[in-house]
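Asker: Please find one structure pasted underneath; my questions will follow.
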Amino acid sequence: MVTLAERHHGGYRVKVFDQSLAERLTETKNRPSGFDYLRMILALGIILSHAGLISYGGWDIGLLGPLVLMIVPMFFALSGFLVAGSLERSKTLITFLGLRAFRIVPALSVEVFLSALILGPLFTTDNLGNYFRDREFYSYFLNVIGEIHYQLPGVFRSNPNPAVNGQLWTIPWELVSYVALAVLAVTGVFHRRHLLLMCLTGLYIVQIGNSIVRPKVDLANAGGATVVVCFVAGLVIYRYRDKIPWSGLLCLLMTALSLWLTTVVSGMRFAPIPMAYVTIYLGLLNPRRNKLILSGDYSYGLYLYGFPIQQAIFAINPALREWYWNLLLAIPCAGMVAVGSWWLVEKPVLARRHKLKSLEEWYLKKYSSLRLSAPRAATSRSEVY
C-alpha cells in the first residue's frame, strides 16, 4: 500500500489513500484504457488548438487557454511514464531505442514525403519546375532526422501561418528526451531512483535560472526545455510509483496548480510535476474500451497530419475559413488519414519488432556484460531509494 500515505491512530493503521500508482497498474493488468483514450483526446486537442492559429494567425481562446497550454506537456509526461516501463523491460538499448525508432520514424517519414511530394505540388504557387529545384524543397526532407524545416516553396504563403506542419517543432525535443533517457539508463541513474529525482531537481534549478534570465509566460515562449522536464517528471513518477498515491483529490489539486502556473510569468516552467501527475492519474483510469475508437493507436497519425490538413482546408475554400469550419472538416479528414497511417505504415512496422529481440539476443551472446542493469528487489535502504 502507499506507505507514505498511512498513519497510526490509536494503535490502528488508518488508510488515507486506497492505492498507489503501482497498485493501480497491477489492478488494471498494466494495460489501463485511460492512456489510450488520453492519447486520442490530447491529439484532438492539438487540432483544436491549431484551428485559430491557422484561421487567423493566432487567437485568444479565453478560459480554455490554460488547458490548451497543458496539451503538449501532458503528451511528454505520458511518454515519459510509458517509455520508462518499456526501458525496464528492455535488456539492452537495442530493443529500447529500436522500438522508439519503429514508433516514430516510419510514420514521420511518410508524412514528410507526402507533404513534399503531393501536398506541396498541389498547393504551391510556383511552377513545378522551380518547386522541385528549390533548396527549400530538399531541406524539407531533413525533418525526418529531426532538423525541422517548416516551409515548402510557394506553399500556403497566403495563409495566416505559412508553415506546412507547425506541429513538427516537438520532434527534436522528443528525440532529446529519448537520448537523455538512454544516457540515464547506461549510467545507471534511471535504476537508482534517488539519482533520477536529483536530476529532476537539477532541471528545476535550471528553470529558476531561465526564469531570471528570460522570464516568459507560456509554453511557446518557455521553450522546448519545459516539455523535456515534463518527460523526466513522467520518468520519476514511474520509478516512484509504489510511493505515490492514485488519488482523485490529489489530481484535482494538481490540476488547479497546473492551471494556475500556466497563467503566471514563467510559471509554465514549474508546472511539469503537477501536470505529469494529472496525466498519469487520468491514464490509470480504466473505462470500458470502445472497439472502434481503440481498434488501433490513431493518436500519432492525428498528431502528425492534423496541421497540414488544416492548412489545406483553409487554402481550398475561402468561404470555410472560420475556426469552427476548419475544425469540423479537419477532424474527420485527419481521422481517416490517421487510420490509414496506422494500418498501412505504423502497425506493419511494429509487427516486425520481434527482429529487435533476435538482434538483441545475438548481441547479448557476444557482449553479455553490456546488459542494462535492471531493478532488483530491494535488500537495503540504499536500493530502496
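We name chains A, B, ... following the order of the C-alpha cells; residues begin at 1 in each chain, and ligands are numbered from 1 as shown.
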Can you tell me which residues surround stretch 307-312 of chain A at a distance of at most 6 Å, considering only C-alpha atoms, apart from same-chain residues fewer than 6 positions away, and format the answer as a list in words?
Answerer: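 Listed by chain and then number, they are Val164, Asn165 and Ala330 of chain A.
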Asker: May I have the residues from that selection written out with all heavy atoms, as an mmCIF file, in the first residue's frame?
Answerer:
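Result saved to result-v1.cif:
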data_model
loop_
_atom_site.group_PDB
_atom_site.id
_atom_site.type_symbol
_atom_site.label_atom_id
_atom_site.label_comp_id
_atom_site.auth_asym_id
_atom_site.auth_seq_id
_atom_site.Cartn_x
_atom_site.Cartn_y
_atom_site.Cartn_z
ATOM 1 N N VAL A 164 3.993 24.503 -43.228
ATOM 2 C CA VAL A 164 3.319 23.318 -43.763
ATOM 3 C C VAL A 164 2.871 22.417 -42.616
ATOM 4 O O VAL A 164 1.750 21.906 -42.606
ATOM 5 C CB VAL A 164 4.247 22.546 -44.719
ATOM 6 C CG1 VAL A 164 3.578 21.242 -45.192
ATOM 7 C CG2 VAL A 164 4.600 23.418 -45.918
ATOM 8 N N ASN A 165 3.745 22.234 -41.648
ATOM 9 C CA ASN A 165 3.389 21.432 -40.468
ATOM 10 C C ASN A 165 4.080 22.006 -39.237
ATOM 11 O O ASN A 165 5.178 21.601 -38.863
ATOM 12 C CB ASN A 165 3.777 19.966 -40.651
ATOM 13 C CG ASN A 165 3.144 19.070 -39.608
ATOM 14 O OD1 ASN A 165 2.629 19.540 -38.593
ATOM 15 N ND2 ASN A 165 3.156 17.765 -39.836
ATOM 16 N N ALA A 330 -11.479 19.298 -40.452
ATOM 17 C CA ALA A 330 -10.156 18.710 -40.246
ATOM 18 C C ALA A 330 -10.204 17.413 -39.444
ATOM 19 O O ALA A 330 -9.468 16.470 -39.747
ATOM 20 C CB ALA A 330 -9.240 19.715 -39.551
#
Asker: I'd like the contact shell of stretch 75-89 of chain A - 10 Å cut-off, only C-alpha atoms, skipping same-chain residues fewer than 4 positions apart - returned as a PyMOL selection string.
Answerer: chain A and resi 30+35+38-39+42-43+70-71+93+95-97+99-100+170+173-174+177-178+181-182+185+190-191+226-239+241+272-273+275-280+282-283+372-375
Asker: Which one is closest to A:Val345: A:Leu128, A:Met74, A:Ala107, A:Ile331? Count only C-alpha atoms.
Answerer: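 Among the listed residues, A:Ala107 lies closest to A:Val345.
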Asker: Applying 10 Å and only C-alpha atoms, which residues near A:Leu329 remain after dropping the ones on its own chain fewer than 3 positions away? List them as a list of chain:residue names.
Answerer: A:Ile309, A:Gln310, A:Ile313, A:Phe314, A:Leu320, A:Tyr324, A:Trp325, A:Asn326, A:Pro332, A:Cys333, A:Ala334
Asker: Would you put the residues from that selection into a file with N, CA, C and O atoms, as a compact mmCIF listing (two decimals), in the first residue's frame?
Answerer:
# COMPACT_ATOMS: atom_id res chain seq x y z
N ILE A 309 -3.33 19.14 -42.83
CA ILE A 309 -4.70 19.01 -43.33
C ILE A 309 -5.48 20.29 -43.04
O ILE A 309 -6.24 20.79 -43.89
N GLN A 310 -5.30 20.86 -41.86
CA GLN A 310 -5.97 22.11 -41.54
C GLN A 310 -5.51 23.25 -42.45
O GLN A 310 -6.31 24.09 -42.88
N ILE A 313 -7.23 22.75 -45.85
CA ILE A 313 -8.65 23.11 -45.80
C ILE A 313 -8.81 24.63 -45.88
O ILE A 313 -9.66 25.14 -46.59
N PHE A 314 -7.96 25.34 -45.17
CA PHE A 314 -8.02 26.81 -45.21
C PHE A 314 -7.74 27.32 -46.62
O PHE A 314 -8.39 28.25 -47.10
N LEU A 320 -14.82 28.87 -46.07
CA LEU A 320 -14.77 28.00 -44.89
C LEU A 320 -13.54 28.29 -44.04
O LEU A 320 -12.86 27.37 -43.60
N TYR A 324 -14.25 27.27 -36.68
CA TYR A 324 -15.14 26.13 -36.44
C TYR A 324 -15.31 25.28 -37.69
O TYR A 324 -15.44 24.06 -37.61
N TRP A 325 -15.32 25.92 -38.87
CA TRP A 325 -15.37 25.12 -40.11
C TRP A 325 -14.07 24.33 -40.28
O TRP A 325 -14.08 23.17 -40.68
N ASN A 326 -12.97 24.98 -39.98
CA ASN A 326 -11.68 24.31 -40.09
C ASN A 326 -11.64 23.09 -39.19
O ASN A 326 -11.20 22.00 -39.60
N PRO A 332 -12.51 14.85 -39.11
CA PRO A 332 -12.76 13.60 -39.85
C PRO A 332 -11.71 13.31 -40.90
O PRO A 332 -11.35 12.14 -41.12
N CYS A 333 -11.19 14.34 -41.56
CA CYS A 333 -10.15 14.11 -42.57
C CYS A 333 -8.88 13.57 -41.93
O CYS A 333 -8.29 12.59 -42.41
N ALA A 334 -8.47 14.21 -40.83
CA ALA A 334 -7.27 13.73 -40.13
C ALA A 334 -7.50 12.34 -39.56
O ALA A 334 -6.58 11.51 -39.54
Asker: To one decimal place in Å, what is the distance between atom CA of A:Val144 and atom CA of A:Ala116?
Answerer: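 Between atom CA of A:Val144 and atom CA of A:Ala116 the gap is 11.8 Å.
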Asker: Contacts of A:Leu261 at 12 Å or less, counting only C-alpha atoms, minus same-chain residues fewer than 4 places along, as a ChimeraX atom specification?
Answerer: /A:66-67,69-70,216-219,254-257,265-275
Asker: Any chance you could list, as number ranges by chain, the residues in stretch 102-347 of chain A that come up helix (DSSP H, G or I) when DSSP is run on the backbone?
Answerer: A: 102-123, 128-133, 135-145, 166-186, 193-213, 219-222, 225-239, 248-261, 267-270, 272-283, 299-316, 318-320, 323-347
